[in-house]
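Asker: My structure file target.cif, mmCIF, C-alpha atoms, is below:
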data_model
#
loop_
_atom_site.label_atom_id
_atom_site.label_comp_id
_atom_site.auth_asym_id
_atom_site.auth_seq_id
_atom_site.Cartn_x
_atom_site.Cartn_y
_atom_site.Cartn_z
CA MET A 12 99.66 99.57 115.30
CA LYS A 13 99.76 102.95 113.51
CA GLN A 14 102.07 103.86 110.62
CA ILE A 15 103.10 107.41 109.75
CA VAL A 16 105.13 107.89 106.57
CA VAL A 17 106.86 111.20 105.91
CA ILE A 18 107.43 111.86 102.21
CA SER A 19 108.08 114.70 99.79
CA GLY A 20 107.65 115.21 96.08
CA LYS A 21 111.30 116.18 95.75
CA GLY A 22 114.53 115.93 97.69
CA GLY A 23 115.86 118.63 99.99
CA THR A 24 112.56 119.74 101.53
CA GLY A 25 113.62 118.89 105.11
CA LYS A 26 111.80 115.56 105.34
CA THR A 27 114.50 113.72 107.31
CA THR A 28 115.06 116.71 109.61
CA ILE A 29 111.38 116.61 110.57
CA VAL A 30 111.37 112.81 110.99
CA ALA A 31 114.28 113.06 113.44
CA SER A 32 112.39 115.57 115.55
CA LEU A 33 109.18 113.52 115.45
CA ALA A 34 111.20 110.51 116.61
CA ALA A 35 112.42 112.55 119.57
CA LEU A 36 108.87 113.68 120.41
CA ALA A 37 107.05 110.38 119.98
CA LYS A 38 106.93 107.58 122.52
CA ASN A 39 106.74 103.81 122.16
CA ILE A 40 107.83 103.81 118.50
CA VAL A 41 109.86 101.96 115.91
CA ILE A 42 111.68 104.09 113.35
CA ALA A 43 112.12 103.00 109.72
CA ASP A 44 114.40 104.77 107.25
CA CYS A 45 112.99 103.80 103.86
CA ASP A 46 115.11 106.22 101.85
CA VAL A 47 117.35 103.28 100.95
CA ASP A 48 119.05 104.96 97.97
CA ALA A 49 120.45 107.78 100.08
CA PRO A 50 119.74 107.14 103.78
CA ASP A 51 120.84 109.87 106.17
CA LEU A 52 118.55 109.59 109.19
CA HIS A 53 121.33 107.65 110.93
CA LEU A 54 123.49 110.78 110.88
CA ILE A 55 121.11 112.38 113.39
CA LEU A 56 119.80 109.40 115.35
CA LYS A 57 123.22 107.68 115.61
CA PRO A 58 121.95 104.08 115.69
CA ASN A 59 123.87 101.30 117.38
CA ILE A 60 123.71 98.46 114.83
CA LYS A 61 122.62 95.16 116.35
CA GLU A 62 121.99 93.09 113.22
CA THR A 63 123.30 93.21 109.64
CA ARG A 64 122.04 91.09 106.75
CA GLU A 65 122.86 90.96 103.05
CA PHE A 66 120.13 91.99 100.66
CA ARG A 67 120.01 90.07 97.38
CA GLY A 68 117.40 91.84 95.30
CA SER A 69 118.66 91.34 91.76
CA LYS A 70 120.49 88.90 89.51
CA THR A 71 123.34 89.13 87.05
CA ALA A 72 124.45 86.84 84.25
CA THR A 73 127.55 84.67 84.68
CA LYS A 74 129.19 82.52 82.00
CA ASP A 75 130.96 79.18 82.26
CA ASP A 76 133.80 79.58 79.76
CA SER A 77 134.42 75.84 79.71
CA LYS A 78 130.99 75.31 78.13
CA CYS A 79 131.03 78.35 75.82
CA ILE A 80 131.26 77.49 72.09
CA LYS A 81 131.86 81.13 71.11
CA CYS A 82 128.75 81.41 68.94
CA ARG A 83 128.27 85.01 70.14
CA ARG A 84 124.49 84.74 70.15
CA CYS A 85 124.53 86.22 73.67
CA GLU A 86 126.28 89.33 72.37
CA GLU A 87 123.73 89.72 69.59
CA VAL A 88 120.71 89.43 71.88
CA CYS A 89 121.95 91.65 74.75
CA ARG A 90 120.18 95.02 74.52
CA PHE A 91 122.34 96.58 77.22
CA ASN A 92 125.73 95.96 75.55
CA ALA A 93 126.79 94.07 78.65
CA ILE A 94 128.48 91.28 76.67
CA LYS A 95 131.54 92.15 74.60
CA ASN A 96 134.30 89.87 73.36
CA LEU A 97 132.49 86.98 75.07
CA SER A 98 132.88 88.67 78.46
CA ILE A 99 129.96 89.78 80.66
CA ASN A 100 130.20 93.17 82.36
CA SER A 101 128.28 92.72 85.62
CA PHE A 102 127.84 96.50 86.03
CA SER A 103 126.07 96.80 82.68
CA CYS A 104 124.04 93.59 83.01
CA GLU A 105 120.38 94.19 83.85
CA GLY A 106 119.65 90.54 84.62
CA CYS A 107 116.98 90.26 81.92
CA GLY A 108 117.93 86.66 81.11
CA ALA A 109 117.89 87.00 77.30
CA CYS A 110 121.40 85.59 77.06
CA VAL A 111 120.45 82.64 79.25
CA PHE A 112 117.50 81.87 76.99
CA ILE A 113 119.46 82.12 73.72
CA CYS A 114 122.58 80.17 74.75
CA PRO A 115 122.45 76.78 72.94
CA VAL A 116 124.78 75.02 75.42
CA ASN A 117 123.47 76.47 78.73
CA ALA A 118 126.79 78.17 79.42
CA ILE A 119 125.12 81.22 81.01
CA GLU A 120 122.99 81.44 84.15
CA LEU A 121 121.54 84.18 86.34
CA LYS A 122 122.91 84.35 89.86
CA GLU A 123 121.74 86.50 92.74
CA LYS A 124 124.12 89.24 93.81
CA ILE A 125 124.46 91.35 96.92
CA SER A 126 122.51 94.53 96.18
CA GLY A 127 122.80 96.13 99.62
CA TYR A 128 122.56 95.59 103.35
CA VAL A 129 119.72 95.60 105.88
CA TYR A 130 120.18 96.75 109.47
CA VAL A 131 118.34 96.57 112.77
CA SER A 132 119.63 99.07 115.30
CA GLU A 133 118.93 100.73 118.63
CA THR A 134 118.72 104.49 119.08
CA LYS A 135 117.99 106.59 122.15
CA TYR A 136 114.51 107.10 120.69
CA GLY A 137 113.70 103.46 120.00
CA TRP A 138 114.45 100.59 117.65
CA MET A 139 115.33 101.46 114.06
CA SER A 140 115.02 99.45 110.84
CA HIS A 141 117.13 100.75 107.98
CA ALA A 142 119.13 99.71 104.92
CA LYS A 143 121.60 100.85 102.27
CA LEU A 144 121.33 100.00 98.59
CA ASN A 145 124.67 99.63 96.85
CA PRO A 146 125.48 102.37 94.29
CA GLY A 147 123.92 101.74 90.91
CA GLU A 148 121.71 98.91 92.13
CA GLU A 149 118.00 98.64 91.49
CA ALA A 150 115.28 96.83 93.47
CA SER A 151 114.90 99.76 95.87
CA GLY A 152 111.18 99.00 96.18
CA LYS A 153 111.97 95.46 97.33
CA LEU A 154 114.47 96.74 99.88
CA VAL A 155 111.96 99.24 101.27
CA ALA A 156 109.49 96.37 101.71
CA VAL A 157 112.13 94.47 103.71
CA VAL A 158 112.82 97.50 105.92
CA LYS A 159 109.11 97.95 106.64
CA GLU A 160 108.59 94.26 107.34
CA ASN A 161 111.49 94.31 109.82
CA ALA A 162 110.00 97.39 111.50
CA LYS A 163 106.65 95.65 111.81
CA LYS A 164 108.24 92.54 113.34
CA ILE A 165 110.14 94.66 115.86
CA ALA A 166 106.99 96.58 116.77
CA GLU A 167 105.08 93.35 117.37
CA LYS A 168 107.92 91.80 119.38
CA GLU A 169 108.58 94.91 121.51
CA ASN A 170 104.89 95.82 121.85
CA LYS A 171 105.28 99.20 120.14
CA ASN A 172 102.20 100.91 118.77
CA LEU A 173 103.67 103.32 116.20
CA ILE A 174 105.99 102.98 113.21
CA LEU A 175 107.50 106.27 112.02
CA ILE A 176 108.73 105.99 108.44
CA ASP A 177 111.16 108.28 106.65
CA GLY A 178 110.15 107.67 103.03
CA SER A 179 111.99 108.36 99.80
CA PRO A 180 111.58 111.61 97.83
CA GLY A 181 109.79 111.60 94.51
CA ILE A 182 106.97 109.36 93.28
CA GLY A 183 108.79 106.17 92.23
CA CYS A 184 108.79 102.55 93.44
CA PRO A 185 110.42 103.17 96.85
CA VAL A 186 107.82 105.86 97.61
CA ILE A 187 104.97 103.55 96.69
CA ALA A 188 106.48 100.81 98.86
CA SER A 189 106.86 103.31 101.72
CA LEU A 190 103.19 104.31 101.46
CA SER A 191 101.90 100.74 101.59
CA GLY A 192 99.88 100.15 104.74
CA ALA A 193 100.37 103.66 106.14
CA ASP A 194 97.61 105.31 108.17
CA ILE A 195 98.69 108.79 107.18
CA ALA A 196 101.23 110.43 104.87
CA LEU A 197 102.85 113.63 106.09
CA ILE A 198 103.93 115.41 102.93
CA VAL A 199 106.70 117.96 103.41
CA THR A 200 106.80 120.69 100.80
CA GLU A 201 108.42 124.08 100.36
CA PRO A 202 107.11 127.35 98.87
CA THR A 203 108.83 127.20 95.48
CA MET A 204 107.41 126.61 92.03
CA SER A 205 109.03 123.18 91.84
CA GLY A 206 107.80 122.46 95.37
CA ILE A 207 104.20 123.22 94.35
CA HIS A 208 104.51 121.14 91.19
CA ASP A 209 105.92 118.13 93.04
CA LEU A 210 103.36 118.49 95.84
CA LYS A 211 100.58 118.01 93.31
CA ARG A 212 102.29 114.88 91.97
CA ILE A 213 102.78 113.24 95.35
CA LEU A 214 99.23 114.13 96.41
CA SER A 215 97.93 112.26 93.37
CA VAL A 216 100.04 109.23 94.33
CA ALA A 217 98.67 109.23 97.89
CA GLU A 218 95.14 109.56 96.54
CA HIS A 219 95.66 106.70 94.12
CA PHE A 220 96.69 104.37 96.95
CA ASN A 221 93.97 105.69 99.26
CA ILE A 222 96.42 107.01 101.86
CA LYS A 223 95.24 110.03 103.86
CA PRO A 224 97.62 112.96 103.19
CA VAL A 225 98.43 115.90 105.44
CA VAL A 226 100.79 118.69 104.45
CA CYS A 227 103.60 120.53 106.19
CA VAL A 228 104.95 123.70 104.57
CA ASN A 229 108.63 123.94 105.43
CA LYS A 230 110.48 127.29 105.24
CA TYR A 231 107.12 128.93 104.57
CA ASN A 232 108.38 132.45 105.25
CA ILE A 233 110.84 132.51 102.33
CA ASN A 234 107.91 133.06 99.97
CA LEU A 235 104.57 133.85 101.57
CA GLU A 236 102.76 134.06 98.24
CA ASN A 237 103.70 130.50 97.31
CA SER A 238 102.97 129.32 100.85
CA ASN A 239 99.46 130.72 100.58
CA GLU A 240 99.03 129.01 97.22
CA ILE A 241 99.97 125.66 98.80
CA ILE A 242 97.48 126.21 101.60
CA ASN A 243 94.77 127.12 99.07
CA ILE A 244 95.50 123.95 97.05
CA CYS A 245 95.05 121.92 100.23
CA ARG A 246 91.81 123.67 101.16
CA LYS A 247 90.33 123.15 97.69
CA ASN A 248 91.12 119.45 97.90
CA GLY A 249 90.01 118.96 101.51
CA ILE A 250 93.56 118.23 102.69
CA GLU A 251 94.61 119.07 106.24
CA VAL A 252 97.61 121.36 106.73
CA ALA A 253 99.35 119.98 109.81
CA GLY A 254 101.44 123.11 110.22
CA LYS A 255 104.07 125.48 108.89
CA ILE A 256 107.75 125.66 109.76
CA SER A 257 109.73 128.87 109.37
CA PHE A 258 113.17 129.14 107.83
CA ASN A 259 115.67 129.26 110.68
CA PRO A 260 119.50 128.87 110.65
CA VAL A 261 119.22 126.88 113.90
CA VAL A 262 118.17 123.88 111.78
CA THR A 263 121.57 123.81 110.08
CA GLU A 264 123.27 124.15 113.45
CA ALA A 265 121.28 121.19 114.78
CA MET A 266 122.14 119.07 111.74
CA VAL A 267 125.84 119.86 112.07
CA ALA A 268 125.64 118.87 115.73
CA GLY A 269 123.75 115.68 114.80
CA ILE A 270 120.86 116.45 117.16
CA PRO A 271 117.11 116.64 116.39
CA VAL A 272 116.01 120.27 116.19
CA VAL A 273 113.45 119.96 119.00
CA GLN A 274 116.21 118.83 121.37
CA PHE A 275 118.83 121.26 120.11
CA SER A 276 116.89 124.46 120.66
CA ASP A 277 113.82 125.94 122.34
CA ASP A 278 113.47 128.34 119.43
CA GLU A 279 110.22 129.06 117.62
CA ILE A 280 110.90 126.29 115.12
CA SER A 281 110.81 123.68 117.89
CA TYR A 282 107.37 124.93 118.89
CA GLU A 283 106.23 124.70 115.25
CA ILE A 284 107.38 121.08 114.92
CA LYS A 285 105.78 120.15 118.25
CA HIS A 286 102.54 121.74 117.04
CA ILE A 287 102.65 119.56 113.89
CA TRP A 288 103.18 116.45 116.01
CA GLU A 289 100.20 117.29 118.20
CA ASN A 290 98.02 117.72 115.10
CA ILE A 291 99.17 114.39 113.67
CA LYS A 292 98.38 112.59 116.92
CA ILE A 293 94.84 113.93 116.76
CA LEU A 294 94.43 112.94 113.11
CA ILE A 295 95.47 109.33 113.67
CA GLU A 296 93.91 109.12 117.13
CA TYR A 297 97.28 108.14 118.57
CA GLU A 298 97.79 107.70 122.27
CA THR A 299 101.19 106.97 123.82
#
Would you give me this structure, written as structure tokens?

Answerer:
Amino acid sequence: MKQIVVISGKGGTGKTTIVASLAALAKNIVIADCDVDAPDLHLILKPNIKETREFRGSKTATKDDSKCIKCRRCEEVCRFNAIKNLSINSFSCEGCGACVFICPVNAIELKEKISGYVYVSETKYGWMSHAKLNPGEEASGKLVAVVKENAKKIAEKENKNLILIDGSPGIGCPVIASLSGADIALIVTEPTMSGIHDLKRILSVAEHFNIKPVVCVNKYNINLENSNEIINICRKNGIEVAGKISFNPVVTEAMVAGIPVVQFSDDEISYEIKHIWENIKILIEYET
């Protein structure tokens, strides 16, 4: 079973747009949307949800007022100012447990809370594992691990030989969780100064976890000088450039229509994405 994770050093590079088109091009796959903080792959793939489960990834402090002796030690020890006037604000509570430890009458305990929801769905391109973290919640890395584990179980059950993962932007915990176990990381970047800076950061993360990176330069023709610099960085570091994608208004039209670009248009950009997919198949020795 092969795993391809598509990531980017920053948001807005076109990562999800490319994943949607790869999902339409690939065969015998399971799709996983691991951008759990702000998932939007479903807007294009239009999944039919078959299973929904609560995700309890964090804890919050709760107080039994009948036991409380109003000593206020919990207020003194809370570093997040979550306890005021002997009342616990669940939104401010970080679940550190200091108040539980300090309470002399065991009036406070940590209880798991619903941090988000996990879904298993069907799309016209295959099964999809995805999730949504509630606003302001943490434990995104844990939730990504759940999404990937569900994708793996589906792949084994349905005899699929490829998991296509839409990872989170940046270099934080959800990205690291997305990279775990991947055969290759397709890094989507753009020819801007911030794009080059963030490309270097995400390349160092992939190297640290020994994941083979390949690079796609999206909207390369908006700044050819920066595009050439990206390509030179890759060459110096022995990193394969899977392809380049030109800036084209048809992408926006496809997104508005909720259709993968490669199915929306036979324009040049569709050819460019198909070329990238062919290169990736060669790199991972993937056969449908």

Asker: What is the distance, in Å and to one decimal place, between atom CA of A:Phe66 and atom CA of A:Ala142?

Answerer: 8.9 Å

Asker: Name the residues that the PyMOL selection byres ((chain A and resi 254) around 8) picks from the file above, as a list of chain:residue names, using the file's chain letters and numbers.

Answerer: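 This file, filtered by the PyMOL selection byres ((chain A and resi 254) around 8), leaves A:Val226, A:Cys227, A:Val228, A:Val252, A:Ala253, A:Lys255, A:Ile256, A:Glu283, A:Ile284, A:His286, A:Ile287.
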
Asker: When you look at stretch 23-28 of chain A with a cut-off of 9 Å (counting all atoms listed in the file), what residues show up, excluding the ones that are within fewer than 2 positions of it in the same chain? I need them as a VMD selection string.

Answerer: chain A and resid 17 to 21 30 to 33 44 51 to 52 55 177 to 178 180 198 to 201 206 229 to 230 262 266 271 to 272

Asker: With all atoms listed in the file as the basis for distance, which of A:Lys74, A:Lys95, A:Lys163, A:Lys168 is at the shortest distance from A:Gly192?

Answerer: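 Residue with the minimum atom-to-atom distance to A:Gly192: A:Lys163.
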
Asker: Select, from A:Ser191, A:Asn234, A:Asn117, A:Ser151, the residue with the minimum atom-to-atom distance to A:Ile207, counting all atoms listed in the file.

Answerer: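 Looking only at the distances to A:Ile207, the closest residue turns out to be A:Asn234.
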
Asker: Just give me the gap between atom CA of A:Lys171 and atom CA of A:Glu251 in Å, one decimal is fine.

Answerer: 26.5 Å

Asker: Take atom CA of A:Lys124 and atom CA of A:Asn161 and report the distance between them in Å, one decimal.

Answerer: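 It comes out at 21.0 Å.
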
Asker: Within 9 Å of A:Thr134, counting all atoms listed in the file, which residues show up once you throw out same-chain ones fewer than 6 positions away? Write them as a list in words, please.

Answerer: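 Contacts, in chain order: Leu56, Lys57, Pro58, Asn59 and Ile60 of chain A.
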
Asker: Please identify all polymer residues within 7 Å of stretch 158-160 of chain A, counting all atoms listed in the file, omitting same-chain residues fewer than 6 positions from it, and present them as a PyMOL selection string.

Answerer: chain A and resi 43+45+140-142

Asker: Which residues, written as a list in words, have at least one atom at most 10 Å from A:Cys107, with all atoms listed in the file counted and residues fewer than 5 positions away on the same chain left out?

Answerer: Lys70, Thr71, Ala72, Cys89, Arg90, Phe91, Phe112 and Leu121 of chain A

Asker: Go ahead and save the picked residues with C-alpha atoms, as a compact mmCIF listing (two decimals), keeping the file's coordinate frame.

Answerer:
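Output contents, as saved in result.txt:
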# COMPACT_ATOMS: atom_id res chain seq x y z
CA LYS A 70 120.49 88.90 89.51
CA THR A 71 123.34 89.13 87.05
CA ALA A 72 124.45 86.84 84.25
CA CYS A 89 121.95 91.65 74.75
CA ARG A 90 120.18 95.02 74.52
CA PHE A 91 122.34 96.58 77.22
CA PHE A 112 117.50 81.87 76.99
CA LEU A 121 121.54 84.18 86.34

Asker: As AutoDock Vina command-line options, what would the box around stretch 156-171 of chain A look like: edges along x, y and z, 3 Å added on every side, centre and edge lengths in Å to one decimal?

Answerer:
--center_x 108.9 --center_y 95.5 --center_z 111.8 --size_x 13.9 --size_y 13.4 --size_z 26.1

Asker: So that I can check the surroundings of A:Ile80, please list as JSON, numbers by chain every protein, DNA and RNA residue that reaches within 9 Å of it, counting all atoms listed in the file and ignoring chain neighbours fewer than 5 positions away.

Answerer: {"A": [115, 116, 118]}

Asker: Determine the residue set returned by the PyMOL selection byres ((chain A and resi 104) around 7) for the present structure, and present it as a PyMOL selection string.

Answerer: chain A and resi 71-72+91+93+100-103+105-106

Asker: The PyMOL selection byres ((chain A and resi 246-250) around 12) on the file shown: which residues, as a list of chain:residue names?

Answerer: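 So the PyMOL selection byres ((chain A and resi 246-250) around 12) ends up selecting A:Ile195, A:Ala196, A:Leu197, A:Ile198, A:Leu210, A:Lys211, A:Leu214, A:Ser215, A:Ala217, A:Glu218, A:Ile222, A:Lys223, A:Pro224, A:Val225, A:Val226, A:Cys227, A:Asn239, A:Glu240, A:Ile241, A:Ile242, A:Asn243, A:Ile244, A:Cys245, A:Glu251, A:Val252, A:Ala253, A:Gly254, A:Leu294.
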
Asker: Which one of A:Val273, A:Gly68, A:His208, A:Lys38 sits closest to A:Lys122 if you count all atoms listed in the file?

Answerer: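 Counting all atoms listed in the file, the residue closest to A:Lys122 is A:Gly68.
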